[in-house]
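S.K.: One structure is given below, represented as structure tokens, and several questions about it will come after.
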Amino acid sequence: MPISLRFRTTALPALALLLALSAGSGPATAVEVAGIQLPDQITVADQPLVLNGAGVRYRAVFQVYAAGLYLSARATTPNDVLAAPGPKRLSITMLRDIDSAELGKLFSRGMEDNLDRSSFSRLVPGVLRMSQIFSDHKRLRSGETFSVDWIPGSGTVITVKGQIEGTPFPEPAFFQALMRIWLGDKPADWKLKDALLGQ
């Protein structure tokens, strides 16, 4: 069954305060989102990152996934996220079983919705490879994870179920297009956009 793009999202209203109190002091703690523990600090490419924001994506009344955005420093606007130096990560944990090929198609559509025709055309080879990655997995089941990392000097790294998928996508524009699925002018869900921005 096709997955509707009409989702509602719950945000973490106290997340900004929690991060302000916990960042840089003592051992890393975790934020709970729909029963999923998201650490408030992680390391990507030997660089410390903090949880910028997190939320839950819903389909009707069903929870679909928990998402967390990690950056080197807090950012409250999409432009600040995209311009932030260093590595970045979007981490997603499934909260129900889903057809991963359909999920890949939705991501491709989300990229297209937030780009002009010429910009999207330049990214088509990468979009097709990304879609194939998800198609190859058939299904993502509740509790399984995938992440999208930006690694300066390498590119976008997609990891599914703990396994890095192929070589990095080197173009910065590809990672930015992926982030616009959630943070662009036409995001998949406005409440999820606000949640990832810590609002």
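By convention here, the chains of the structure tokens are called A, B, ... in the order presented, each chain's residues are numbered starting at 1, and ligands are numbered starting at 1 in the order presented.
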Can you check which parts of region 91-116 of chain A lie within 6 Å of region 142-147 of chain A? Per residue, the shortest pair of atoms and distance in Å to one decimal, counting only C-alpha atoms, sorted by chain and number, as a Markdown table.

M.R.:
```
| residue | atom | partner | partner_atom | distance |
| --- | --- | --- | --- | --- |
| A:Ser91 | CA | A:Ser147 | CA | 4.4 |
| A:Ile92 | CA | A:Phe146 | CA | 5.5 |
| A:Thr93 | CA | A:Thr145 | CA | 4.4 |
| A:Met94 | CA | A:Ser142 | CA | 4.8 |
| A:Leu95 | CA | A:Ser142 | CA | 4.6 |
| A:Arg96 | CA | A:Ser142 | CA | 4.3 |
| A:Asp97 | CA | A:Ser142 | CA | 5.1 |
```

S.K.: For those residues, write N, CA and C atoms to a file as a compact mmCIF listing (two decimals), in the first residue's frame.

M.R.:
```txt
# COMPACT_ATOMS: atom_id res chain seq x y z
N SER A 91 19.52 10.56 11.68
CA SER A 91 19.35 9.17 12.11
C SER A 91 17.87 8.84 12.18
N ILE A 92 17.47 7.70 11.63
CA ILE A 92 16.08 7.29 11.61
C ILE A 92 15.95 5.86 12.13
N THR A 93 15.04 5.68 13.07
CA THR A 93 14.73 4.35 13.61
C THR A 93 13.28 4.05 13.31
N MET A 94 13.04 2.94 12.64
CA MET A 94 11.68 2.56 12.27
C MET A 94 10.87 2.20 13.50
N LEU A 95 9.62 2.62 13.50
CA LEU A 95 8.70 2.29 14.58
C LEU A 95 7.61 1.32 14.10
N ARG A 96 7.64 0.98 12.83
CA ARG A 96 6.75 -0.04 12.27
C ARG A 96 7.40 -0.59 11.01
N ASP A 97 6.97 -1.74 10.55
CA ASP A 97 7.49 -2.32 9.32
C ASP A 97 7.03 -1.48 8.14
```

S.K.: Name all residues at most 10 Å from Gln176 (chain A) (count only C-alpha atoms; drop same-chain ones fewer than 2 positions away) and give them as a list of chain:residue names.

M.R.: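 Returned residues: A:Pro78, A:Asn79, A:Val81, A:Leu82, A:Ala83, A:Met111, A:Trp150, A:Thr156, A:Glu171, A:Pro172, A:Ala173, A:Phe174, A:Leu178, A:Met179, A:Arg180, A:Ile181, A:Leu183, A:Gly184.
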
S.K.: For N, CA, C and O atoms, I'd like the residues from the last selection saved as an mmCIF file, in the first residue's frame.

M.R.:
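Okay, this is what ended up in result37.cif:
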```cif
data_model
loop_
_atom_site.group_PDB
_atom_site.id
_atom_site.type_symbol
_atom_site.label_atom_id
_atom_site.label_comp_id
_atom_site.auth_asym_id
_atom_site.auth_seq_id
_atom_site.Cartn_x
_atom_site.Cartn_y
_atom_site.Cartn_z
ATOM 1 N N PRO A 78 16.891 26.117 8.450
ATOM 2 C CA PRO A 78 17.439 25.208 7.439
ATOM 3 C C PRO A 78 18.760 25.691 6.864
ATOM 4 O O PRO A 78 19.679 24.889 6.648
ATOM 5 N N ASN A 79 18.871 26.992 6.595
ATOM 6 C CA ASN A 79 20.120 27.514 6.035
ATOM 7 C C ASN A 79 21.286 27.302 6.981
ATOM 8 O O ASN A 79 22.403 26.986 6.544
ATOM 9 N N VAL A 81 21.545 24.887 9.167
ATOM 10 C CA VAL A 81 21.869 23.452 9.138
ATOM 11 C C VAL A 81 22.754 23.141 7.938
ATOM 12 O O VAL A 81 23.796 22.491 8.061
ATOM 13 N N LEU A 82 22.356 23.612 6.771
ATOM 14 C CA LEU A 82 23.097 23.298 5.552
ATOM 15 C C LEU A 82 24.478 23.938 5.540
ATOM 16 O O LEU A 82 25.417 23.392 4.965
ATOM 17 N N ALA A 83 24.602 25.108 6.179
ATOM 18 C CA ALA A 83 25.880 25.817 6.184
ATOM 19 C C ALA A 83 26.797 25.383 7.317
ATOM 20 O O ALA A 83 27.977 25.759 7.333
ATOM 21 N N MET A 111 12.980 15.069 -2.649
ATOM 22 C CA MET A 111 14.089 15.827 -3.219
ATOM 23 C C MET A 111 13.611 16.636 -4.419
ATOM 24 O O MET A 111 13.916 17.828 -4.555
ATOM 25 N N TRP A 150 26.832 13.299 6.418
ATOM 26 C CA TRP A 150 27.692 14.124 5.570
ATOM 27 C C TRP A 150 29.091 14.096 6.171
ATOM 28 O O TRP A 150 29.287 14.485 7.331
ATOM 29 N N THR A 156 28.257 12.049 1.055
ATOM 30 C CA THR A 156 27.106 11.496 1.775
ATOM 31 C C THR A 156 27.254 9.994 1.902
ATOM 32 O O THR A 156 27.451 9.287 0.910
ATOM 33 N N GLU A 171 28.866 14.665 -4.136
ATOM 34 C CA GLU A 171 28.402 16.030 -4.371
ATOM 35 C C GLU A 171 27.749 16.619 -3.120
ATOM 36 O O GLU A 171 26.799 16.048 -2.586
ATOM 37 N N PRO A 172 28.214 17.782 -2.642
ATOM 38 C CA PRO A 172 27.528 18.452 -1.534
ATOM 39 C C PRO A 172 26.056 18.703 -1.833
ATOM 40 O O PRO A 172 25.210 18.635 -0.933
ATOM 41 N N ALA A 173 25.748 18.971 -3.107
ATOM 42 C CA ALA A 173 24.358 19.252 -3.479
ATOM 43 C C ALA A 173 23.455 18.053 -3.210
ATOM 44 O O ALA A 173 22.260 18.229 -2.940
ATOM 45 N N PHE A 174 23.989 16.843 -3.265
ATOM 46 C CA PHE A 174 23.162 15.661 -3.024
ATOM 47 C C PHE A 174 22.739 15.612 -1.562
ATOM 48 O O PHE A 174 21.562 15.375 -1.257
ATOM 49 N N LEU A 178 18.936 15.947 0.010
ATOM 50 C CA LEU A 178 18.357 15.001 0.954
ATOM 51 C C LEU A 178 17.812 15.717 2.177
ATOM 52 O O LEU A 178 16.696 15.434 2.637
ATOM 53 N N MET A 179 18.571 16.649 2.730
ATOM 54 C CA MET A 179 18.123 17.364 3.921
ATOM 55 C C MET A 179 16.871 18.185 3.652
ATOM 56 O O MET A 179 16.034 18.391 4.533
ATOM 57 N N ARG A 180 16.720 18.636 2.417
ATOM 58 C CA ARG A 180 15.532 19.436 2.081
ATOM 59 C C ARG A 180 14.248 18.603 2.073
ATOM 60 O O ARG A 180 13.154 19.161 2.093
ATOM 61 N N ILE A 181 14.375 17.269 2.037
ATOM 62 C CA ILE A 181 13.189 16.437 2.194
ATOM 63 C C ILE A 181 12.484 16.812 3.496
ATOM 64 O O ILE A 181 11.257 16.903 3.561
ATOM 65 N N LEU A 183 13.714 19.573 5.588
ATOM 66 C CA LEU A 183 13.948 20.957 6.008
ATOM 67 C C LEU A 183 13.699 21.976 4.909
ATOM 68 O O LEU A 183 13.919 23.170 5.118
ATOM 69 N N GLY A 184 13.265 21.539 3.726
ATOM 70 C CA GLY A 184 13.111 22.450 2.595
ATOM 71 C C GLY A 184 11.853 23.303 2.677
ATOM 72 O O GLY A 184 11.086 23.256 3.648
#
```

S.K.: When you look at Phe120 (chain A) with a cut-off of 12 Å (counting only C-alpha atoms), what residues show up, excluding the ones that are within fewer than 4 positions of it in the same chain? I need them as number ranges by chain.

M.R.: A: 108-116, 124-128, 173-174, 176-178

S.K.: Could you take the residues named above and write them with N, CA and C atoms, as a CSV table (one decimal), in the first residue's frame?

M.R.:
```csv
chain,number,residue,atom,x,y,z
A,108,SER,N,12.9,10.2,-3.0
A,108,SER,CA,13.2,10.8,-4.3
A,108,SER,C,12.2,11.9,-4.6
A,109,ARG,N,11.0,11.7,-4.3
A,109,ARG,CA,9.9,12.7,-4.6
A,109,ARG,C,10.1,13.9,-3.7
A,110,GLY,N,10.5,13.7,-2.5
A,110,GLY,CA,10.8,14.8,-1.6
A,110,GLY,C,11.9,15.7,-2.1
A,111,MET,N,13.0,15.1,-2.6
A,111,MET,CA,14.1,15.8,-3.2
A,111,MET,C,13.6,16.6,-4.4
A,112,GLU,N,12.8,16.0,-5.3
A,112,GLU,CA,12.3,16.7,-6.5
A,112,GLU,C,11.4,17.8,-6.1
A,113,ASP,N,10.6,17.7,-5.1
A,113,ASP,CA,9.7,18.7,-4.7
A,113,ASP,C,10.4,20.0,-4.2
A,114,ASN,N,11.6,19.9,-3.8
A,114,ASN,CA,12.4,21.0,-3.2
A,114,ASN,C,13.5,21.5,-4.0
A,115,LEU,N,13.5,21.1,-5.3
A,115,LEU,CA,14.6,21.5,-6.2
A,115,LEU,C,13.9,22.0,-7.5
A,116,ASP,N,14.6,22.9,-8.2
A,116,ASP,CA,14.1,23.3,-9.6
A,116,ASP,C,14.5,22.1,-10.5
A,124,VAL,N,20.1,13.2,-10.7
A,124,VAL,CA,19.3,12.0,-11.0
A,124,VAL,C,20.2,10.7,-10.8
A,125,PRO,N,21.4,10.6,-11.3
A,125,PRO,CA,22.2,9.4,-11.0
A,125,PRO,C,22.3,9.0,-9.6
A,126,GLY,N,22.5,10.0,-8.7
A,126,GLY,CA,22.6,9.7,-7.3
A,126,GLY,C,21.2,9.3,-6.7
A,127,VAL,N,20.2,10.0,-7.2
A,127,VAL,CA,18.8,9.6,-6.7
A,127,VAL,C,18.5,8.2,-7.1
A,128,LEU,N,18.8,7.8,-8.3
A,128,LEU,CA,18.6,6.4,-8.7
A,128,LEU,C,19.4,5.4,-7.9
A,173,ALA,N,25.7,19.0,-3.1
A,173,ALA,CA,24.4,19.3,-3.5
A,173,ALA,C,23.5,18.1,-3.2
A,174,PHE,N,24.0,16.8,-3.3
A,174,PHE,CA,23.2,15.7,-3.0
A,174,PHE,C,22.7,15.6,-1.6
A,176,GLN,N,22.6,18.1,0.5
A,176,GLN,CA,21.7,19.3,0.8
A,176,GLN,C,20.3,18.9,0.2
A,177,ALA,N,20.2,18.3,-0.9
A,177,ALA,CA,18.9,17.9,-1.4
A,177,ALA,C,18.2,16.9,-0.5
A,178,LEU,N,18.9,15.9,0.0
A,178,LEU,CA,18.4,15.0,1.0
A,178,LEU,C,17.8,15.7,2.2
```

S.K.: Could you pull out the alpha helix (DSSP H) residues of region 39-102 of chain A, going by DSSP on the backbone, and write them as a ChimeraX atom specification?

M.R.: /A:78-83,100-102

S.K.: Near Asp136 (chain A), counting only C-alpha atoms, which residues have an atom at most 10 Å away, once you skip same-chain residues fewer than 4 positions from it, shown as a PyMOL selection string?

M.R.: chain A and resi 100-101+131-132

S.K.: Restricted to N, CA and C atoms, what would the selected residues look like written as a CSV table (one decimal), in the first residue's frame?

M.R.:
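Saved as result-v4.csv:
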```csv
chain,number,residue,atom,x,y,z
A,100,SER,N,10.6,-0.7,2.1
A,100,SER,CA,11.7,0.2,1.9
A,100,SER,C,11.8,0.8,0.5
A,101,ALA,N,11.4,0.0,-0.5
A,101,ALA,CA,11.4,0.6,-1.8
A,101,ALA,C,10.4,1.7,-1.9
A,131,SER,N,17.7,5.2,-4.5
A,131,SER,CA,16.5,4.4,-4.5
A,131,SER,C,16.8,2.9,-4.6
A,132,GLN,N,17.8,2.5,-5.3
A,132,GLN,CA,18.2,1.1,-5.4
A,132,GLN,C,18.7,0.5,-4.1
```

S.K.: Which residues are close to Ala45 (chain A), i.e. within 10 Å by only C-alpha atoms, leaving aside same-chain residues fewer than 5 positions away? Reply as a PDB file with N, CA and C atoms, in the first residue's frame.

M.R.:
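As written to disk, result_25.pdb reads:
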```
ATOM      1  N   GLY A  86      31.625  20.847   9.249  1.00  0.00           N
ATOM      2  CA  GLY A  86      31.864  19.527   9.815  1.00  0.00           C
ATOM      3  C   GLY A  86      30.830  18.493   9.440  1.00  0.00           C
ATOM      4  N   PRO A  87      30.948  17.303  10.033  1.00  0.00           N
ATOM      5  CA  PRO A  87      30.014  16.214   9.731  1.00  0.00           C
ATOM      6  C   PRO A  87      28.606  16.539  10.221  1.00  0.00           C
ATOM      7  N   LYS A  88      27.639  15.833   9.644  1.00  0.00           N
ATOM      8  CA  LYS A  88      26.243  15.932  10.059  1.00  0.00           C
ATOM      9  C   LYS A  88      25.638  14.535   9.947  1.00  0.00           C
ATOM     10  N   ASP A 149      24.750  10.415   6.581  1.00  0.00           N
ATOM     11  CA  ASP A 149      25.852  11.218   7.117  1.00  0.00           C
ATOM     12  C   ASP A 149      26.453  12.088   6.027  1.00  0.00           C
ATOM     13  N   TRP A 150      26.832  13.299   6.418  1.00  0.00           N
ATOM     14  CA  TRP A 150      27.692  14.124   5.570  1.00  0.00           C
ATOM     15  C   TRP A 150      29.091  14.096   6.171  1.00  0.00           C
ATOM     16  N   ILE A 151      30.066  13.616   5.401  1.00  0.00           N
ATOM     17  CA  ILE A 151      31.457  13.538   5.842  1.00  0.00           C
ATOM     18  C   ILE A 151      32.282  14.455   4.951  1.00  0.00           C
ATOM     19  N   PRO A 152      32.757  15.595   5.461  1.00  0.00           N
ATOM     20  CA  PRO A 152      33.557  16.490   4.621  1.00  0.00           C
ATOM     21  C   PRO A 152      34.751  15.761   4.019  1.00  0.00           C
TER      22      PRO A 152
END
```

S.K.: Please measure the separation of CA of Phe175 (chain A) and CA of Val148 (chain A), giving the value in Å to one decimal.

M.R.: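 Calculated distance between CA of Phe175 (chain A) and CA of Val148 (chain A) is 8.3 Å.
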
S.K.: Neighbouring residues of Ala84 (chain A) were defined as those with any atom within 8 Å, considering only C-alpha atoms; residues of the same chain fewer than 4 positions away were excluded. Please report them as a ChimeraX atom specification.

M.R.: /A:71-73,75,80

S.K.: Region 8-161 of chain A: which residues are strand (DSSP E) by DSSP, as an MDAnalysis selection string?

M.R.: chainID A and resid 9:11 30:33 36:39 41:44 47:59 62:71 88:94 98:99 139:140 145:151 155:160

S.K.: How many Å lie between CA of Phe62 (chain A) and CA of Thr76 (chain A), rounded to one decimal?

M.R.: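 CA of Thr76 (chain A) lies at a distance of 27.6 Å from CA of Phe62 (chain A).
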